[in-house]
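Chemist: Compact mmCIF, C-alpha atoms, file my_file.txt:
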```txt
# COMPACT_ATOMS: atom_id res chain seq x y z
CA MET X 86 242.08 140.36 58.95
CA ALA X 87 244.01 142.67 61.25
CA GLU X 88 244.71 140.20 64.06
CA ALA X 89 244.11 136.47 63.96
CA CYS X 90 244.46 133.54 66.30
CA ALA X 91 242.65 130.24 65.79
CA ALA X 92 243.80 126.90 67.12
CA ILE X 93 242.60 123.30 67.25
CA ARG X 94 243.96 121.13 70.06
CA GLU X 95 243.24 117.43 70.48
CA VAL X 96 243.40 117.18 74.26
CA MET X 97 242.82 113.42 74.10
CA PRO X 98 241.95 111.07 71.23
CA GLY X 99 238.61 112.20 69.82
CA LEU X 100 238.19 115.22 72.13
CA PHE X 101 239.05 118.60 70.57
CA LEU X 102 239.26 122.10 71.98
CA VAL X 103 238.93 124.82 69.32
CA THR X 104 239.72 128.42 70.20
CA THR X 105 239.01 131.44 68.00
CA ASP X 106 240.30 134.89 68.87
CA PHE X 107 240.66 137.40 66.04
CA THR X 108 239.50 140.73 64.68
CA LEU X 109 238.26 141.16 61.11
CA ASP X 110 238.76 144.18 58.85
CA ALA X 111 235.82 143.17 56.65
CA PRO X 112 232.83 140.81 56.87
CA THR X 113 234.00 137.29 56.07
CA VAL X 114 232.11 134.13 55.14
CA VAL X 115 233.42 130.92 56.69
CA GLU X 116 232.51 127.70 54.89
CA SER X 117 232.70 124.15 56.24
CA THR X 118 230.82 120.84 56.23
CA SER X 119 229.22 119.26 59.25
CA PHE X 120 230.23 115.76 60.32
CA PRO X 121 229.32 113.26 63.09
CA VAL X 122 230.05 115.16 66.29
CA ALA X 123 228.75 116.46 69.60
CA SER X 124 229.86 120.06 69.96
CA LEU X 125 229.43 122.84 72.48
CA SER X 126 230.17 126.41 71.37
CA VAL X 127 230.50 129.42 73.68
CA ALA X 128 230.71 132.94 72.22
CA LEU X 129 232.37 135.58 74.37
CA ASP X 130 232.35 138.20 71.62
CA GLY X 131 231.62 138.60 67.92
CA LEU X 132 228.60 138.20 65.67
CA GLY X 133 228.02 135.34 63.25
CA GLU X 134 225.07 135.07 60.85
CA SER X 135 224.05 131.76 59.33
CA LEU X 136 223.69 131.82 55.53
CA VAL X 137 222.07 128.37 55.22
CA PRO X 138 218.25 128.45 55.30
CA GLY X 139 216.82 126.41 58.15
CA LEU X 140 220.19 125.97 59.88
CA ASP X 141 221.11 128.22 62.80
CA THR X 142 224.92 128.36 62.95
CA GLY X 143 225.02 132.03 63.95
CA PHE X 144 226.17 133.36 67.30
CA ALA X 145 226.13 136.48 69.45
CA PRO X 146 228.08 137.56 72.55
CA GLY X 147 227.13 135.63 75.66
CA GLY X 148 225.48 132.79 73.77
CA MET X 149 226.02 129.06 73.65
CA GLY X 150 225.20 126.52 70.98
CA LEU X 151 224.92 122.75 71.14
CA ALA X 152 224.93 120.52 68.06
CA VAL X 153 224.77 116.73 68.15
CA GLY X 154 224.31 114.35 65.25
CA ALA X 155 225.67 112.69 62.14
CA SER X 156 224.23 114.87 59.38
CA ARG X 157 226.67 116.00 56.70
CA ARG X 158 225.73 119.29 55.10
CA PRO X 159 227.46 122.49 54.01
CA ILE X 160 227.70 125.33 56.55
CA ARG X 161 228.17 129.00 55.68
CA THR X 162 228.46 131.65 58.37
CA ARG X 163 229.11 135.36 57.85
CA LEU X 164 231.33 136.90 60.55
CA ALA X 165 230.86 140.60 61.26
CA SER X 166 233.80 142.99 61.15
CA GLY X 167 234.84 145.69 63.55
CA ARG X 168 234.78 143.66 66.77
CA PRO X 169 236.75 140.71 68.15
CA VAL X 170 235.52 137.20 67.43
CA ARG X 171 236.19 135.21 70.60
CA VAL X 172 234.65 131.73 70.60
CA VAL X 173 235.51 128.45 72.31
CA ASP X 174 234.28 125.13 70.93
CA LEU X 175 234.46 121.64 72.37
CA ALA X 176 234.05 118.81 69.84
CA VAL X 177 233.57 115.13 70.67
CA VAL X 178 233.84 112.70 67.74
CA PRO X 179 232.95 108.99 67.79
CA ALA X 180 236.60 107.95 68.24
CA TRP X 181 236.58 109.39 71.77
CA PHE X 182 234.11 106.74 72.93
CA ASP X 183 236.56 104.00 71.92
CA GLY X 184 239.45 105.51 73.87
CA PRO X 185 240.48 105.73 77.51
CA GLY X 186 238.45 108.89 78.11
CA ALA X 187 235.19 106.92 77.97
CA ALA X 188 236.48 103.67 79.46
CA ASP X 189 233.97 103.89 82.33
CA ALA X 190 231.07 105.20 80.24
CA ASP X 191 227.65 105.16 81.89
CA GLU X 192 224.18 105.46 80.40
CA THR X 193 224.58 109.23 80.02
CA LEU X 194 227.63 108.89 77.79
CA ASP X 195 225.97 105.98 76.00
CA ALA X 196 223.05 108.30 75.20
CA LEU X 197 225.47 110.93 73.90
CA ARG X 198 227.16 108.38 71.66
CA GLU X 199 223.77 107.23 70.36
CA ALA X 200 222.73 110.83 69.67
CA ILE X 201 225.79 111.38 67.47
CA ASP X 202 224.50 108.63 65.17
CA ARG X 203 221.15 110.39 64.68
CA PRO X 204 220.22 113.32 62.40
CA THR X 205 221.79 116.51 63.71
CA ARG X 206 219.79 118.81 65.95
CA LEU X 207 220.86 122.14 67.36
CA VAL X 208 219.87 124.40 70.21
CA ARG X 209 221.03 127.92 71.05
CA ARG X 210 220.45 129.89 74.23
CA PRO X 211 222.17 132.43 76.52
CA ALA X 212 225.19 130.91 78.26
CA ALA X 213 225.31 130.60 82.04
CA ARG X 214 227.94 132.67 83.85
CA ARG X 215 229.96 129.58 84.76
CA LEU X 216 230.11 128.59 81.08
CA LEU X 217 231.34 132.04 80.04
CA ASP X 218 233.96 131.90 82.78
CA LEU X 219 235.13 128.49 81.53
CA ALA X 220 235.46 129.80 77.98
CA GLY X 221 237.36 132.84 79.19
CA SER X 222 239.76 130.60 81.09
CA VAL X 223 240.41 128.58 77.92
CA LEU X 224 241.27 131.72 75.94
CA ALA X 225 243.51 133.06 78.70
CA PRO X 226 245.35 130.06 80.22
CA PRO X 227 247.38 130.78 83.36
CA ALA X 228 250.47 128.98 82.07
CA GLY X 229 252.10 127.38 79.03
CA GLY X 230 254.05 124.19 78.48
CA ALA X 231 253.07 121.12 80.47
CA LEU X 232 250.91 123.13 82.88
CA GLY X 233 249.14 124.72 79.94
CA ARG X 234 248.35 121.29 78.50
CA LEU X 235 246.97 120.10 81.84
CA HIS X 236 244.87 123.27 82.08
CA ALA X 237 243.46 122.73 78.58
CA GLU X 238 242.60 119.10 79.35
CA ALA X 239 240.89 120.05 82.61
CA ARG X 240 238.84 122.80 80.96
CA ALA X 241 237.91 120.47 78.09
CA LEU X 242 236.53 117.94 80.59
CA ASP X 243 234.65 120.72 82.38
CA LEU X 244 233.10 121.73 79.05
CA LEU X 245 232.25 118.10 78.34
CA LEU X 246 230.26 117.99 81.58
CA GLU X 247 228.43 121.16 80.49
CA LEU X 248 227.74 119.57 77.09
CA VAL X 249 226.23 116.48 78.68
CA ALA X 250 224.10 118.61 81.02
CA ALA X 251 222.85 120.69 78.08
CA MET X 252 221.63 117.54 76.32
CA ALA X 253 218.39 117.89 78.28
CA ASP X 254 217.50 120.90 76.09
CA LEU X 255 218.49 119.29 72.79
CA PRO X 256 215.81 117.78 70.52
CA GLY X 257 216.93 114.32 69.42
CA SER X 258 219.44 113.99 72.26
CA GLY X 259 218.85 110.33 72.77
CA ALA X 260 216.59 110.69 75.78
CA VAL X 261 214.47 107.82 74.48
CA ALA X 262 217.18 105.45 75.62
CA ARG X 263 216.57 106.65 79.18
CA THR X 264 212.77 106.27 79.00
CA PRO X 265 212.20 102.57 78.22
CA GLY X 266 208.51 102.85 79.14
CA LEU X 267 207.70 104.99 76.11
CA ARG X 268 205.66 103.00 73.62
CA PRO X 269 206.69 102.91 69.95
CA ARG X 270 203.43 104.51 68.85
CA ASP X 271 203.98 107.41 71.27
CA ARG X 272 207.49 107.91 69.91
CA ASP X 273 206.19 107.75 66.32
CA ARG X 274 203.55 110.35 67.19
CA ILE X 275 206.20 112.78 68.42
CA GLU X 276 208.47 112.13 65.43
CA ALA X 277 205.53 112.98 63.15
CA LEU X 278 204.86 116.11 65.16
CA LEU X 279 208.50 117.18 64.83
CA ALA X 280 208.26 116.80 61.05
CA ARG X 281 205.04 118.84 61.01
CA ILE X 282 206.59 121.66 63.08
CA ASP X 283 209.76 121.69 60.98
CA ALA X 284 207.71 121.93 57.77
CA ASP X 285 205.64 124.93 58.92
CA PRO X 286 206.44 126.21 62.43
CA GLY X 287 204.32 129.31 61.97
CA SER X 288 201.12 127.26 61.83
CA ALA X 289 201.91 125.04 64.82
CA GLY X 290 199.31 126.80 66.93
CA SER X 291 198.75 126.30 70.64
CA LEU X 292 199.67 123.25 72.68
CA ALA X 293 195.97 122.54 73.13
CA ARG X 294 195.51 122.45 69.37
CA LEU X 295 198.55 120.22 68.83
CA ALA X 296 197.38 117.87 71.57
CA ALA X 297 193.91 117.68 70.04
CA GLU X 298 195.38 116.94 66.61
CA SER X 299 197.47 114.17 68.18
CA ALA X 300 194.47 112.82 70.14
CA VAL X 301 196.25 113.08 73.49
CA SER X 302 196.10 115.42 76.48
CA VAL X 303 198.38 118.45 76.71
CA ALA X 304 200.16 116.88 79.68
CA LYS X 305 200.88 113.67 77.77
CA LEU X 306 202.02 115.59 74.69
CA LYS X 307 204.51 117.59 76.76
CA ARG X 308 205.70 114.51 78.62
CA ASP X 309 206.20 112.41 75.49
CA PHE X 310 207.87 115.28 73.61
CA ARG X 311 210.42 115.69 76.39
CA ALA X 312 210.96 111.92 76.51
CA VAL X 313 211.72 111.77 72.79
CA THR X 314 213.64 115.01 72.34
CA GLY X 315 215.00 115.90 75.76
CA GLY X 316 213.54 119.41 75.46
CA CYS X 317 210.24 121.24 75.85
CA ILE X 318 207.84 121.55 72.93
CA GLY X 319 207.28 125.28 73.45
CA GLY X 320 210.99 126.04 73.22
CA TYR X 321 211.35 123.91 70.10
CA ILE X 322 208.49 125.68 68.31
CA ALA X 323 209.85 129.10 69.27
CA SER X 324 213.29 128.20 67.93
CA ARG X 325 211.94 126.93 64.61
CA ARG X 326 209.72 130.02 64.23
CA LEU X 327 212.65 132.39 64.66
CA ILE X 328 214.79 130.51 62.15
CA LEU X 329 211.90 130.68 59.66
CA ALA X 330 211.56 134.40 60.35
CA ARG X 331 215.25 135.02 59.74
CA ASP X 332 215.06 133.28 56.35
CA LEU X 333 211.92 135.22 55.33
CA LEU X 334 213.52 138.55 56.28
CA ARG X 335 216.47 137.71 54.04
CA ASP X 336 213.96 137.20 51.22
CA GLY X 337 212.87 140.82 51.69
CA LEU X 338 209.45 140.34 53.29
CA SER X 339 208.19 143.09 55.59
CA VAL X 340 208.65 142.69 59.33
CA SER X 341 204.89 142.58 59.96
CA GLU X 342 204.35 139.89 57.33
CA VAL X 343 207.26 137.85 58.65
CA ALA X 344 205.88 138.10 62.19
CA TRP X 345 202.52 136.83 60.95
CA ARG X 346 204.00 133.97 58.93
CA ALA X 347 206.15 132.93 61.86
CA GLY X 348 203.09 132.67 64.08
CA TYR X 349 203.40 135.86 66.15
CA ASP X 350 200.25 137.83 66.92
CA HIS X 351 202.14 141.02 67.78
CA PRO X 352 205.15 142.34 65.82
CA ALA X 353 206.56 143.91 69.00
CA ASN X 354 206.73 140.50 70.71
CA PHE X 355 208.33 139.07 67.59
CA ALA X 356 210.95 141.84 67.48
CA THR X 357 211.87 141.26 71.13
CA ALA X 358 212.25 137.51 70.68
CA PHE X 359 214.21 137.95 67.45
CA ARG X 360 216.70 140.37 68.97
CA ARG X 361 217.20 138.13 71.99
CA ARG X 362 217.97 135.20 69.70
CA PHE X 363 220.05 136.78 66.93
CA GLY X 364 221.49 139.92 68.52
CA CYS X 365 219.88 142.32 66.00
CA THR X 366 216.43 143.67 65.17
CA PRO X 367 214.31 142.20 62.36
CA SER X 368 214.33 145.53 60.54
CA SER X 369 218.14 145.79 60.63
CA LEU X 370 218.51 142.30 59.19
CA ARG X 371 215.93 143.03 56.49
CA SER X 372 217.54 146.36 55.52
CA GLY X 373 220.93 144.67 55.21
CA ALA X 374 219.65 141.76 53.16
CA GLY X 375 219.30 143.76 50.00
CA SER X 376 222.64 145.50 50.22
CA ARG X 377 224.94 142.63 51.20
CA GLY X 378 226.22 139.99 48.89
CA GLU X 379 227.00 136.51 50.12
CA ALA X 380 230.73 136.28 49.68
```
Would you give me this structure, written as C-alpha cells?

Modeler:
Amino acid sequence: MAEACAAIREVMPGLFLVTTDFTLDAPTVVESTSFPVASLSVALDGLGESLVPGLDTGFAPGGMGLAVGASRRPIRTRLASGRPVRVVDLAVVPAWFDGPGAADADETLDALREAIDRPTRLVRRPAARRLLDLAGSVLAPPAGGALGRLHAEARALDLLLELVAAMADLPGSGAVARTPGLRPRDRDRIEALLARIDADPGSAGSLARLAAESAVSVAKLKRDFRAVTGGCIGGYIASRRLILARDLLRDGLSVSEVAWRAGYDHPANFATAFRRRFGCTPSSLRSGAGSRGEA
C-alpha cells in the first residue's frame, strides 16, 4: 500500500462517519462481518469486487450503496490496485436511536429503526451529483479542530437525510409500517415472491406472468411490492439477475450462457446492464476469474 488514509469518527453516539482514501500497490482482499446497521456508502473512486456469492458489496466510481438490516455474515471484497480508493460511509447503529440525535424521532426514523432489526437488504445505484459533492466535502474538510468537527457532524447529518430518502428504493426498508392498510395475506404473498425471485431470478419472467402466478393484477402486484419493500419489482429482479450473473461468470460459464441463465434474451443488453452495475464487462470478469486467486 503506497499511500493510506482510513478513519472512523463517531460524530455522535451511534452515528459514525468512515472515510477511506488510499492507493494500493497490489489487489487486496478486505474481510469483515456485517452487523445490525443502516449504512450509506458513496464511492468517489476505486473499484471493489464482492467475493461472497449472492452478496453485492462491490463498488465503482460514482456509485452509492445502501444496506439496512441485522444479518450477521462474513464479507469479503477485493480492492483493485493502481487507482485511489476514495469512499465515504455513514453508519447508523441501534444505539443512535436511544441518544439525543433521535430524541424527536418521527415515523420515518421509526421505520429506519425497525428496518435495522430485519434481515439485511442492499441496493446499489449511481449516486446523484449532490451526494458525490457531499462525499467530496467529507474527504476534503475546509478546516480542522473544532470547526472540522462541526463540519463532520453537519455532513454526517446531511448524509443521514440522504440515507433516509434512499430507503424508498430499498427492499425490506420497513415501508409496511407506513402502509397500515396492507392485509397480512398480501404481505405474505410478496414475501413469498421475494423468496422465489431470490432463489432463481433468471426464471422470474415478466410482470404479467408473476401477477398471474400470484392471482392478482399487475397493478396490484406492483403496488403491494412497493408497499412491502419500498422499491419497484422490476428494479429488484434486475439487481438479483446481475448478482447471479456475476457469480456464474466467476464459475467460468460463457457470457452467452450466463446471459441466458440470468434471464436476458440478448447478450448485448446483458453486457450493457452488467457494465453499468459493476464497472466492467462480463468477458473481462470471466477472463480474470481463472487467473486470480482469492487472497

Chemist: Of the residues X:Arg203, X:Arg94, X:Arg157, X:Arg209, which is the one nearest to X:Thr142, using only C-alpha atoms?

Modeler: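 For X:Thr142, the nearest of the candidates is X:Arg209.
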
Chemist: So that I can see what lies close to X:Arg206, please list as a PyMOL selection string the residues with an atom at most 12 Å from it, counting only C-alpha atoms and leaving out residues fewer than 4 positions away in the same chain.

Modeler: chain X and resi 119+121-124+139-142+150-157+200-202+252+254-259+279+283+314-316+321+324-325

Chemist: Quote the spacing between atom CA of X:Ala176 and atom CA of X:Ile328 in Å to one decimal place.

Modeler: 23.8 Å

Chemist: Between X:Leu129, X:Leu245, X:Ala196, X:Leu102, single out the one closest to X:Asp174, counting only C-alpha atoms.

Modeler: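 When distances to X:Asp174 are compared using only C-alpha atoms, the smallest one comes from X:Leu102.
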
Chemist: If I take atom CA of X:Met149 and atom CA of X:Leu216, how far is one from the other in Å, to one decimal?

Modeler: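 Those two atoms sit 8.5 Å apart.
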
Chemist: So which one's closest to X:Arg371, X:Asp309, X:Asp332, X:Glu238, X:Asp218? Using only C-alpha atoms, please.

Modeler: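 That would be X:Asp332, the residue with the smallest distance to X:Arg371.
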
Chemist: Could you tell me which of X:Ala293, X:Cys365, X:Leu306, X:Ala111 comes closest to X:Asp271 if we count only C-alpha atoms?

Modeler: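 Under the stated criterion, the closest residue is X:Leu306.
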
Chemist: Given all atoms listed in the file as the basis, pick out the residue of X:Leu100, X:Arg362, X:Ala312, X:Phe355 nearest to X:Leu244.

Modeler: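 Looking at the shortest contact to X:Leu244, the residue is X:Leu100.
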
Chemist: Would you mind telling me which residue in X:Phe363, X:Arg234, X:Ser372, X:Ala284 lies nearest to X:Leu132 when using all atoms listed in the file?

Modeler: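 Closest candidate: X:Phe363.
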
Chemist: Do you have the atom CA of X:Pro367-atom CA of X:Glu342 distance handy?

Modeler: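 Atom-to-atom, atom CA of X:Pro367 to atom CA of X:Glu342, that is 11.4 Å.
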
Chemist: Using only C-alpha atoms - which residues lie no farther than 12 Å from the point (244.8, 122.5, 77.9) in the file's frame? Write them as a PyMOL selection string.

Modeler: chain X and resi 92-97+100-104+175+219-220+222-244
